[in-house]
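Okay, structure first, notes after.
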Amino acid sequence: MGAVWFWIVAVMIVAYVVLDGFDIGVGILTPILARSEHERRMMVRSIGPVWDGNEVWLLAGGGTLYFAFPLLYASAFSGFYLPLMIVLWLLIGRGISLELRAHVDNHVWRSFFDGVFFVSSALLAIFLGAALANVIRGVPIGPDSYFFLPLWTNWRTGPQPGILDWYTVIGGLVAFIAMAMHGALWIALKTTGELEIRAQQFARRTWLALLLATAVSLPATMIVRPATLENYRSFPVLFIVPVLVILALLSVRIFSSRAQHLRAFLASAAYLAFMLVGACAGLYPVVLPSSINPAGDITVAKALSGTYAIHVGLLWWIPGILIALGYFTVSYWLFRGKVPTDSEGYGH
Amino acid sequence: MDALFLHRLHFAFTITFHYLFPQLTMGLALLIVVLKGIAIRRNDERYAQAARFWARIFAINFVIGVVTGIPMEFQFGTNWSEFSRRTGGVIGQPLAMEGVFSFFLESTFLGLFLFGEKRLSRGMHLFSAFMVWLGSWISGFFIITTNAWMQHPVAYRLLPDGRFELTSFTGLLLNPWAWLEYTHNMCATVVTASFVMAAVGAFYLLNKTHLESGRIFLKIGVIAGLVSCIVQIFPTGDLHGRYLAKNQPAAIAGMEGLFHTQKGAPVVLMGQMDEEQQRIDNPLPVNDVLSFLLYGTTKAEVKGLDQFPRDQWPTTLPLLYYSYHVMAGLGTYFMALMLVAAFLLWRGKLFTTRWVLWPLLLSFPLPYIATTAGWMTAEIGRQPWLVYGLLRTAQGSSTHVSAGNSLFTLLGFLGIYSLLSILWIVTVYRIIETGPLPAQAQTPEALTA
């Protein structure tokens with residue numbers, strides 16, 4: 001049962017990153033791609049009806065983590081105290097700017113919220129990537145299973161690292177570039193005219209950066225946490241995951257250059273998903289490694305909730321998530337196609 | 001300021017601010033369904049316009065509710081990690097269910113409701129509004145189940161390492177405390193929404209603008225307000241009070257300021273608590289009423305705080321006493337005001353009676369205060385426990401998060417929430433000033449984003 005809940009939480013995190021990933025990407029790209037107020041509006045409108053639902057995966061994933069692995073939730077959330085609070089502030093900035101930017105028809109007001117939207121989206125991407133890198137690298141877990149990390153120490157990995165060190169900064173950059181590309185592919189898919197072309201070109205340029213960043217991040221992970229490879233050695237079939245990462249990345253390039261936007265976007269979603277799956281496969285059964293001594297690792301077995309609770313949980317989680325997938329299907333189908341450029345359509 | 005105090009203040013401040021928004025949106029969602037329903041049934045564009053107007057106010061409040069709600073879930077782990085570690089096995093369940101069953105529902109159908117009026121049939125659009133209402137009320141249920149378990153723990157087993165384990169899923173969801181708290185709380189959201197709607201209506205009539213909309217808002221606001229204000233006191237408030245007396249007698253003694261056990265205990269309408277001398281100064285007592293309210297007979301004995309060891313008295317006792325009195329006092333005023341307004345509405349005189357329109361306009365902040373005071377009563381009354389009788393508040397906070405770090409982020413939230421408050425006032429006031437618009441005149445930009 002532990003493995004089941006490990007992968008349930010992993011799938012929810014993947015869903016969050018893939019879905020909110022393009023919302024965040026759009027936030028990063030608004031000042032780069034849009035040349036006019038009209039284009040900015042198109043970009044924001046492309047995520048208008050869906051961003052809130054995408055963000056729910058973070059909340060639902062967090063709730064599920066709390067329920068299935070209370071010890072992990074308690075230890076990680078209090079240990080990553082400062083960056084999590086900053087993430088909360090960034091989420092506030094994003095939500096508010098999306099809702100309020102159009103409420104007052106005035107340049108200063110809109111520019112202010114465009115700025116907030118960009119800064120909070122960009123930092124959020126970096127923090128999410130760095131967060132994942134922290135979980136891979138490990139943290140100094142004490143005998144009581146708790147820890148507390150400062151934002152940075154000496155920028156080196158090692159037994160007493162900070163949230164930010166050279167490795168987690170790489171993680172942040174990978175996430176930043178990947179989400180920017182993911183967002184550009186979404187914009188190419190949802191808009192028309194010059195904006196579509198500009199987004200497509202931008203995606204191709206970021207593609208190269210992402211290829212490089214990915215190429216750096218994989219060996220860096222082997223250096224920082226050599227144990228990552230253990231699962232891969234025991235189950236060589238797992239090596240298919242990094243192969244799929246590479247295939248997905250190549251498909252992005254191919255589909256993007258043929259202007260097959262939907263396929264390129266889905267390939268980019270697959271890239272994000274396989275990167276995360278690869279990381280989870282390297283971690284299991286550890287959920288938070290100790291940087292001091294492997295005996296201190298928080299594992300699935302150590303953190304799992306009571307037997308009764310996790311069995312009952314499965315009974316509601318499966319139908320619950322199937323219903324949620326139904327909602328998403330309806331919503332994305334209803335708002336399919338290009339964002340209308342006139343005032344018809346998305347208004348109410 | 002020690003770390004425990006700051007962790008408490010951190011949660012208290014962020015939850016109080018957060019709940020200013022859902023208490024409106026949960027009630028308003030119901031009233032929007034009513035407006036849309038009337039619009040379709042009577043084929044009346046004025047009601048459709050009213051629904052659109054309130055949807056804009058709803059959207060702002062909903063988003064602020066969402067972004068200030070995410071910190072609530074995170075804070076269980078960040079500031080209350082020991083509490084999370086010990087109780088996750090039980091209350092993690094409703095919290096996770098809230099995400100899976102309510103937030104997906106709510107966010108998807110809100111997207112359809114706000115952006116899809118032209119893409120959906122009228123019936124489907126009404127259905128979306130209904131689902132937004134349903135989602136928000138399901139969310140309320142799960143979060144109250146969580147709180148109710150802390151107030152009145154059921155269906156658990158305590159393990160040697162201090163963790164709680166769930167023993168009965170249905171027992172957790174059918175906790176009687178949860179259902180009493182839920183009905184009382186959801187009814188309060190309708191009170192808030194009714195008062196806000198009636199206040200905007202009163203504003204339009206007094207200001208002599210948007211008269212037709214103003215009359216609709218007043219009518220719906222006053223009718224919903226009357227019903228919810230009555231249900232708020234009887235039966236929900238009454239039943240909740242009796243159950244509280246049975247299960248948290250120390251809390252009720254603190255709320256009433258009853259230091260000494262007494263037969264024929266009075267209700268003190270007003271007075272200042274002197275905790276040191278253990279008495280109420282300048283009291284305005286009504287004899288025997290408390291005994292009657294709690295036990296149905298004027299002679300019943302009500303336990304005073306003297307029956308409980310000092311270390312089990314609710315902490316910050318005077319605040320508990322005042323919170324409860326503010327809630328109960330305002331609740332009584334609400335019912336009186338709505339009775340008068342409803343009577344005049346029935347007689348066809350409300351829209352021209354300025355001495356009632358003015359109080360209706362000025363009273364809109366009061367339900368927010370009453371609801372906040374009600375929650376303070378519940379949460380301070382629970383002290384000194386996190387899980388009543390089982391886990392003390394002092395045992396639940398994050399020991400590795402220092403006072404300084406907690407203060408740092410508390411100050412951050414104070415700053416950000418101050419900004420949010422200003423933005424809320426500016427944008428909501430602009431919507432009210434502009435007033436309801438015919439469908440064609442609405443630019444999508446003003447609604448979307």
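In the structure tokens, each chain is lettered A, B, ... as it comes, each chain's residues begin at 1, and ligands are numbered from 1 in order of appearance.
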Legend entry - Test item: residues at most 10 Å from Ile8 (chain A), only C-alpha atoms, excluding those fewer than 4 positions along its chain, as a PyMOL selection string: chain A and resi 2-4+12-14+61+64-65+68+314+317-318
Would you output that residue set with C-alpha atoms, as a tab-separated table (two decimals), in the first residue's frame?
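The resulting file, out_17.tsv, is reproduced below:
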chain	number	residue	atom	x	y	z
A	2	GLY	CA	2.89	2.33	0.68
A	3	ALA	CA	4.00	2.08	-2.94
A	4	VAL	CA	0.46	2.77	-4.15
A	12	MET	CA	-0.75	14.35	-8.47
A	13	ILE	CA	2.50	16.31	-8.41
A	14	VAL	CA	3.09	15.42	-12.07
A	61	GLY	CA	-1.70	16.80	-3.80
A	64	THR	CA	-3.17	13.78	-0.02
A	65	LEU	CA	0.43	14.00	1.14
A	68	ALA	CA	-0.99	9.45	3.44
A	314	LEU	CA	-8.28	4.36	-1.79
A	317	TRP	CA	-9.61	8.62	-4.00
A	318	ILE	CA	-10.17	6.49	-7.11
Inset, instruction - Using DSSP on the backbone coordinates, identify all residues within region 104-253 of chain B classified as alpha helix (DSSP H); present the result as an MDAnalysis selection string. - result: chainID B and resid 104:115 122:151 169:173 176:207 211:231 238:247 249:253
Inset, instruction - Using only C-alpha atoms, determine which residues of chain A fall within 7 Å of chain B; present them as an NGL selection string. - result: :A and (44-45 or 48-50 or 52-53 or 56 or 59-60 or 63-64 or 66-67 or 70-71 or 73-75 or 77-78 or 81 or 85 or 88 or 91-92 or 95-96 or 98-103 or 147-148 or 305-306 or 308-309 or 320-321 or 324 or 327 or 331 or 343 or 345-348)
Keeping only C-alpha atoms, write the selected residues as a compact mmCIF listing (two decimals), in the first residue's frame.
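Okay, again_26.txt is ready:
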# COMPACT_ATOMS: atom_id res chain seq x y z
CA VAL A 44 -3.98 35.89 -20.20
CA ARG A 45 -7.33 34.82 -21.66
CA GLY A 48 -8.40 32.37 -17.84
CA PRO A 49 -10.91 29.54 -17.44
CA VAL A 50 -8.39 26.84 -16.48
CA ASP A 52 -7.47 27.93 -11.05
CA GLY A 53 -8.37 24.30 -11.66
CA VAL A 56 -5.99 22.76 -7.40
CA LEU A 59 -3.73 21.73 -3.02
CA ALA A 60 -5.21 18.29 -3.59
CA GLY A 63 -3.82 17.31 1.18
CA THR A 64 -3.17 13.78 -0.02
CA TYR A 66 -0.75 15.14 4.57
CA PHE A 67 -3.21 12.26 4.73
CA PRO A 70 1.86 12.76 7.88
CA LEU A 71 5.45 12.49 9.05
CA TYR A 73 4.30 16.45 5.53
CA ALA A 74 5.22 17.62 9.02
CA SER A 75 8.96 17.30 8.53
CA PHE A 77 6.80 21.60 5.46
CA SER A 78 8.35 22.86 8.69
CA TYR A 81 9.57 26.82 6.10
CA MET A 85 6.08 30.74 2.66
CA LEU A 88 2.61 30.99 -0.91
CA LEU A 91 0.86 32.06 -5.57
CA ILE A 92 -1.02 35.01 -4.05
CA GLY A 95 -3.82 34.64 -8.57
CA ILE A 96 -4.45 38.27 -7.73
CA LEU A 98 -4.73 37.29 -13.10
CA GLU A 99 -8.03 38.28 -11.53
CA LEU A 100 -7.49 41.99 -11.01
CA ARG A 101 -5.45 43.21 -14.00
CA ALA A 102 -8.51 43.86 -16.13
CA HIS A 103 -10.66 45.38 -13.44
CA PHE A 147 15.16 19.66 10.25
CA PHE A 148 15.26 23.34 9.41
CA SER A 305 -0.54 6.55 7.80
CA GLY A 306 -2.43 3.76 9.57
CA TYR A 308 -7.21 1.33 7.93
CA ALA A 309 -6.95 4.97 6.86
CA GLY A 320 -12.91 11.12 -6.71
CA ILE A 321 -10.05 11.50 -9.13
CA ALA A 324 -12.10 15.26 -11.39
CA TYR A 327 -14.40 17.83 -15.10
CA SER A 331 -13.60 22.11 -19.36
CA SER A 343 -15.11 40.20 -27.34
CA GLY A 345 -16.94 33.86 -26.67
CA TYR A 346 -15.11 33.95 -23.41
CA GLY A 347 -17.11 36.84 -22.03
CA HIS A 348 -20.13 36.37 -19.89
Legend entry - Distance query region 252-255 of chain B at most 7 Å, only C-alpha atoms, self and fewer than 2 positions along chain excluded, as a VMD selection string: chain B and resid 244 to 245 248 to 250 257 to 259 303 to 305 314 317 320 to 321 324
Inset, instruction - Might you pull out every residue within 12 Å of Glu230 (chain A), with only C-alpha atoms counted and same-chain residues fewer than 2 positions away left off, and present them as a PyMOL selection string? - result: chain A and resi 222+225-228+232-236+238-239+281-286
Inset, instruction - Can you check which residues of region 61-229 of chain B DSSP gives as strand (DSSP E or B) on the backbone and send them as a ChimeraX atom specification? - result: /B:156-158,164-166
Legend entry - For Phe234 (chain B), the nearest of the candidates B:Gly331, B:Gly162, B:Pro365, B:Gly171, counting only C-alpha atoms: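 Closest to Phe234 (chain B) of all the choices is B:Gly331.
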Legend entry - Between CA of Ser136 (chain B) and CA of Phe195 (chain B) - distance in Å to one decimal: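 It comes out at 19.3 Å.
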Residues of region 227-298 of chain A at most 9 Å from region 199-213 of chain A: nearest atom pair and distance in Å, only C-alpha atoms, as a Markdown table:
| residue | atom | partner | partner_atom | distance |
| --- | --- | --- | --- | --- |
| A:Ile246 | CA | A:Leu211 | CA | 8.8 |
| A:Leu249 | CA | A:Leu211 | CA | 7.5 |
| A:Val252 | CA | A:Trp207 | CA | 8.0 |
| A:Arg253 | CA | A:Arg204 | CA | 6.7 |
| A:Ser256 | CA | A:Gln200 | CA | 6.8 |
| A:Ser257 | CA | A:Arg204 | CA | 7.6 |
| A:Ala259 | CA | A:Gln200 | CA | 7.6 |
| A:His261 | CA | A:Gln200 | CA | 8.3 |
Could the residues in this selection be saved with N, CA and C atoms as an mmCIF file, in the first residue's frame?
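Output below, filename result.cif:
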data_model
loop_
_atom_site.group_PDB
_atom_site.id
_atom_site.type_symbol
_atom_site.label_atom_id
_atom_site.label_comp_id
_atom_site.auth_asym_id
_atom_site.auth_seq_id
_atom_site.Cartn_x
_atom_site.Cartn_y
_atom_site.Cartn_z
ATOM 1 N N ILE A 246 14.325 11.846 -23.267
ATOM 2 C CA ILE A 246 15.028 12.334 -24.455
ATOM 3 C C ILE A 246 14.121 12.298 -25.683
ATOM 4 N N LEU A 249 11.682 15.104 -25.569
ATOM 5 C CA LEU A 249 12.316 16.381 -25.881
ATOM 6 C C LEU A 249 12.550 16.511 -27.389
ATOM 7 N N VAL A 252 9.361 17.313 -29.173
ATOM 8 C CA VAL A 252 8.980 18.722 -29.067
ATOM 9 C C VAL A 252 9.565 19.491 -30.247
ATOM 10 N N ARG A 253 10.842 19.245 -30.503
ATOM 11 C CA ARG A 253 11.540 19.955 -31.585
ATOM 12 C C ARG A 253 10.907 19.638 -32.938
ATOM 13 N N SER A 256 7.243 20.915 -33.173
ATOM 14 C CA SER A 256 7.208 22.363 -33.141
ATOM 15 C C SER A 256 7.621 22.941 -34.492
ATOM 16 N N SER A 257 8.650 22.360 -35.104
ATOM 17 C CA SER A 257 9.099 22.913 -36.387
ATOM 18 C C SER A 257 8.091 22.632 -37.498
ATOM 19 N N ALA A 259 4.980 22.960 -36.946
ATOM 20 C CA ALA A 259 3.809 23.730 -36.507
ATOM 21 C C ALA A 259 2.661 22.819 -36.082
ATOM 22 N N HIS A 261 1.161 22.126 -33.228
ATOM 23 C CA HIS A 261 1.249 22.692 -31.884
ATOM 24 C C HIS A 261 0.753 21.751 -30.792
#
Could you list, as a PDB file with N, CA and C atoms, in the first residue's frame, every residue within 7 Å of Leu294 (chain B), counting only C-alpha atoms and ignoring same-chain residues fewer than 3 positions away?
ATOM      1  N   ARG B 242     -26.231  23.705  23.273  1.00  0.00           N
ATOM      2  CA  ARG B 242     -26.505  22.602  24.207  1.00  0.00           C
ATOM      3  C   ARG B 242     -25.441  21.506  24.099  1.00  0.00           C
ATOM      4  N   ALA B 245     -22.394  22.643  25.814  1.00  0.00           N
ATOM      5  CA  ALA B 245     -22.503  22.569  27.270  1.00  0.00           C
ATOM      6  C   ALA B 245     -22.229  21.155  27.761  1.00  0.00           C
ATOM      7  N   LEU B 290     -29.768  31.184  31.508  1.00  0.00           N
ATOM      8  CA  LEU B 290     -28.730  30.261  31.027  1.00  0.00           C
ATOM      9  C   LEU B 290     -29.099  28.812  31.361  1.00  0.00           C
ATOM     10  N   SER B 291     -29.550  28.591  32.589  1.00  0.00           N
ATOM     11  CA  SER B 291     -29.983  27.239  32.981  1.00  0.00           C
ATOM     12  C   SER B 291     -31.061  26.747  32.040  1.00  0.00           C
TER      13      SER B 291
END
Inset, instruction - Pick out the closest residue to Gly79 (chain A) from this set: A:Tyr16, A:Tyr146, A:Trp5, A:Phe328. Count only C-alpha atoms. - result: A:Tyr146
Inset, instruction - May I have the residues within 8 Å of Tyr388 (chain B) as a list in words, using only C-alpha atoms and disregarding those fewer than 2 positions away in the same chain? - result: Met150, Gln151, His152, Pro153, Arg382, Gln383, Trp385, Leu386, Leu390, Leu391 and Arg392 of chain B
Name all residues at most 10 Å from Pro384 (chain B) (count only C-alpha atoms; drop same-chain ones fewer than 4 positions away) and give them as a CSV table (one decimal) with N, CA and C atoms, in the first residue's frame.
chain,number,residue,atom,x,y,z
B,311,ASP,N,-5.5,24.7,35.0
B,311,ASP,CA,-4.7,24.5,33.8
B,311,ASP,C,-5.6,23.9,32.7
B,312,GLN,N,-6.9,23.8,33.0
B,312,GLN,CA,-7.9,23.4,31.9
B,312,GLN,C,-8.8,24.5,31.5
B,313,TRP,N,-8.6,25.7,32.1
B,313,TRP,CA,-9.4,26.9,31.8
B,313,TRP,C,-9.0,27.3,30.4
B,314,PRO,N,-10.0,27.8,29.6
B,314,PRO,CA,-9.6,28.4,28.3
B,314,PRO,C,-8.6,29.5,28.5
B,315,THR,N,-7.6,29.5,27.7
B,315,THR,CA,-6.6,30.7,27.9
B,315,THR,C,-7.3,31.9,27.2
B,316,THR,N,-6.7,33.1,27.5
B,316,THR,CA,-7.3,34.3,27.1
B,316,THR,C,-8.8,34.4,27.3
B,379,GLU,N,-12.8,28.6,18.8
B,379,GLU,CA,-11.4,28.2,18.8
B,379,GLU,C,-10.7,28.6,20.1
B,380,ILE,N,-11.1,29.7,20.7
B,380,ILE,CA,-10.6,30.0,22.0
B,380,ILE,C,-11.2,29.1,23.1
B,388,TYR,N,-9.3,18.4,21.7
B,388,TYR,CA,-9.9,18.6,23.0
B,388,TYR,C,-9.6,17.4,23.9
B,389,GLY,N,-9.0,17.8,25.1
B,389,GLY,CA,-8.7,16.8,26.1
B,389,GLY,C,-7.6,15.9,25.8
B,391,LEU,N,-4.6,16.6,23.2
B,391,LEU,CA,-3.3,17.2,22.8
B,391,LEU,C,-3.4,18.7,23.1
B,392,ARG,N,-2.4,19.1,23.9
B,392,ARG,CA,-2.4,20.5,24.2
B,392,ARG,C,-1.8,21.4,23.1
B,393,THR,N,-2.3,22.6,23.0
B,393,THR,CA,-1.8,23.5,22.0
B,393,THR,C,-0.3,23.7,22.0
B,394,ALA,N,0.3,23.7,23.3
B,394,ALA,CA,1.7,23.9,23.4
B,394,ALA,C,2.5,22.7,22.8
Legend entry - Point-to-point distance from CA of Pro159 (chain A) to CA of Pro140 (chain A), Å rounded to tenths: 6.2 Å
Inset, instruction - Select, from A:Asn106, A:Ser290, A:Thr221, A:Thr157, the residue with the minimum atom-to-atom distance to Gly138 (chain A), counting only C-alpha atoms. - result: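 Using only C-alpha atoms, Gly138 (chain A) sits closest to A:Ser290.
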Inset, instruction - Go through A:Leu58, A:Met42, A:Leu185, A:Ala76 and flag the residue nearest Leu262 (chain A), using only C-alpha atoms for the distances. - result: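 Ranking A:Leu58, A:Met42, A:Leu185, A:Ala76 by distance to Leu262 (chain A), first place goes to A:Leu185.
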